[in-house]
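Structure file entry_17.pdb; described as PDB, C-alpha atoms, pLDDT in the B column.
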ATOM      1  CA  MET H   1    -100.930-216.989  80.536  1.00 44.00           C
ATOM      2  CA  MET H   2    -101.041-213.224  80.910  1.00 48.00           C
ATOM      3  CA  LEU H   3     -98.601-211.480  83.219  1.00 52.00           C
ATOM      4  CA  GLY H   4     -99.484-208.292  85.060  1.00 57.00           C
ATOM      5  CA  HIS H   5     -97.229-205.289  84.584  1.00 58.00           C
ATOM      6  CA  SER H   6     -94.639-204.689  87.277  1.00 67.00           C
ATOM      7  CA  TRP H   7     -93.280-201.126  87.344  1.00 70.00           C
ATOM      8  CA  PRO H   8     -89.628-200.535  88.242  1.00 72.00           C
ATOM      9  CA  GLN H   9     -89.204-199.557  91.871  1.00 78.00           C
ATOM     10  CA  ALA H  10     -86.427-197.576  93.554  1.00 79.00           C
ATOM     11  CA  MET H  11     -85.556-196.141  96.945  1.00 84.00           C
ATOM     12  CA  ALA H  12     -82.550-194.162  98.130  1.00 84.00           C
ATOM     13  CA  ASN H  13     -80.807-192.773 101.174  1.00 87.00           C
ATOM     14  CA  ALA H  14     -77.718-190.558 101.388  1.00 82.00           C
ATOM     15  CA  GLU H  15     -75.374-193.344 100.244  1.00 80.00           C
ATOM     16  CA  THR H  16     -77.298-196.032  98.383  1.00 78.00           C
ATOM     17  CA  VAL H  17     -79.848-196.354  95.609  1.00 77.00           C
ATOM     18  CA  MET H  18     -81.734-199.665  95.558  1.00 78.00           C
ATOM     19  CA  ALA H  19     -83.726-200.461  92.433  1.00 77.00           C
ATOM     20  CA  ALA H  20     -85.709-203.426  91.143  1.00 79.00           C
ATOM     21  CA  ALA H  21     -87.337-204.127  87.800  1.00 78.00           C
ATOM     22  CA  GLU H  22     -88.969-207.055  86.068  1.00 81.00           C
ATOM     23  CA  ILE H  23     -87.156-207.765  82.799  1.00 80.00           C
ATOM     24  CA  LEU H  24     -88.948-209.917  80.248  1.00 86.00           C
ATOM     25  CA  ALA H  25     -85.923-211.665  78.763  1.00 88.00           C
ATOM     26  CA  GLU H  26     -84.149-214.985  79.039  1.00 91.00           C
ATOM     27  CA  PRO H  27     -81.913-215.247  82.140  1.00 87.00           C
ATOM     28  CA  GLU H  28     -78.823-215.753  79.957  1.00 88.00           C
ATOM     29  CA  VAL H  29     -79.438-212.439  78.162  1.00 86.00           C
ATOM     30  CA  ILE H  30     -79.855-210.554  81.436  1.00 81.00           C
ATOM     31  CA  PHE H  31     -76.796-212.212  82.984  1.00 81.00           C
ATOM     32  CA  THR H  32     -74.609-211.276  80.011  1.00 83.00           C
ATOM     33  CA  ALA H  33     -75.840-207.678  80.094  1.00 78.00           C
ATOM     34  CA  LEU H  34     -74.997-207.353  83.804  1.00 75.00           C
ATOM     35  CA  VAL H  35     -71.515-208.903  83.799  1.00 77.00           C
ATOM     36  CA  THR H  36     -69.927-207.465  80.645  1.00 78.00           C
ATOM     37  CA  ASN H  37     -68.722-203.980  79.757  1.00 72.00           C
ATOM     38  CA  GLU H  38     -72.047-203.442  77.964  1.00 70.00           C
ATOM     39  CA  VAL H  39     -73.415-202.314  81.336  1.00 69.00           C
ATOM     40  CA  GLU H  40     -71.446-199.074  80.933  1.00 66.00           C
ATOM     41  CA  ARG H  41     -73.695-198.060  78.018  1.00 67.00           C
ATOM     42  CA  TRP H  42     -76.766-198.011  80.275  1.00 65.00           C
ATOM     43  CA  TRP H  43     -75.649-194.949  82.164  1.00 60.00           C
ATOM     44  CA  GLY H  44     -76.000-192.384  79.390  1.00 60.00           C
ATOM     45  CA  SER H  45     -73.394-189.926  78.204  1.00 65.00           C
ATOM     46  CA  ALA H  46     -70.499-188.619  80.278  1.00 68.00           C
ATOM     47  CA  ASP H  47     -72.290-185.251  80.329  1.00 74.00           C
ATOM     48  CA  MET H  48     -75.220-186.813  82.168  1.00 67.00           C
ATOM     49  CA  TYR H  49     -73.609-189.394  84.483  1.00 66.00           C
ATOM     50  CA  ARG H  50     -70.006-190.399  85.057  1.00 69.00           C
ATOM     51  CA  MET H  51     -69.446-193.986  86.110  1.00 70.00           C
ATOM     52  CA  THR H  52     -65.990-194.597  87.593  1.00 74.00           C
ATOM     53  CA  GLY H  53     -66.350-198.320  88.209  1.00 75.00           C
ATOM     54  CA  TRP H  54     -68.673-201.246  88.709  1.00 75.00           C
ATOM     55  CA  THR H  55     -68.468-204.593  90.481  1.00 80.00           C
ATOM     56  CA  ALA H  56     -70.842-207.517  90.796  1.00 79.00           C
ATOM     57  CA  ASP H  57     -71.359-210.898  92.392  1.00 83.00           C
ATOM     58  CA  PRO H  58     -73.829-212.471  89.940  1.00 77.00           C
ATOM     59  CA  ARG H  59     -74.691-215.468  92.103  1.00 80.00           C
ATOM     60  CA  VAL H  60     -78.161-215.899  93.590  1.00 78.00           C
ATOM     61  CA  GLY H  61     -78.371-213.428  96.469  1.00 82.00           C
ATOM     62  CA  GLY H  62     -75.339-211.562  95.117  1.00 82.00           C
ATOM     63  CA  TRP H  63     -74.949-207.837  94.572  1.00 82.00           C
ATOM     64  CA  TRP H  64     -74.155-205.250  91.905  1.00 76.00           C
ATOM     65  CA  SER H  65     -72.534-201.861  92.505  1.00 79.00           C
ATOM     66  CA  VAL H  66     -71.815-198.823  90.326  1.00 74.00           C
ATOM     67  CA  THR H  67     -69.752-195.816  91.418  1.00 75.00           C
TER      68      THR H  67
END
What is this structure when it is put down as structure tokens?
Amino acid sequence: MMLGHSWPQAMANAETVMAAAEILAEPEVIFTALVTNEVERWWGSADMYRMTGWTADPRVGGWWSVT
């Protein structure tokens, strides 16, 4: 079976950025990446972006927040 490509999508207002992407990996790999300190590495160097904290509710329908 061949899957079509799904480009990442994002939208923003003055307070919130909402983004979605299709990740071709096992759910366990994605879950681990989102709920461990490894997530901090995604945001580049401190010169480019400073993350002061992150929280998540990894259940179905949950949320993820970075400040």
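Across the model, the gap from atom CA of Thr55 of chain H to atom CA of Asn37 of chain H is 10.7 Å.
For the choices H:Val29, H:Leu34, H:Ala12, H:Ala21, the atom-to-atom distance to Trp64 of chain H is smallest for H:Leu34 when using all atoms listed in the file.
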Might I get the box with edges along x, y and z of the file that holds all atoms of segment 21-34 of chain H listed there, padded by 4 Å on every side, given as centre and edge lengths in Å to one decimal, as AutoDock Vina command-line options?
--center_x -81.8 --center_y -209.9 --center_z 83.0 --size_x 22.4 --size_y 19.6 --size_z 17.6
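The space separating atom CA of Glu38 of chain H from atom CA of Ala56 of chain H comes to 13.5 Å.
Taking atom CA of Ile23 of chain H as the reference point, atom CA of Pro8 of chain H is found at 9.4 Å.
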**Prompt:** Which residues come within 12 Å of Thr16 of chain H, counting all atoms listed in the file, excluding same-chain residues fewer than 2 positions away, as a PyMOL selection string?
**Reply:** chain H and resi 10-14+18-19+64-67
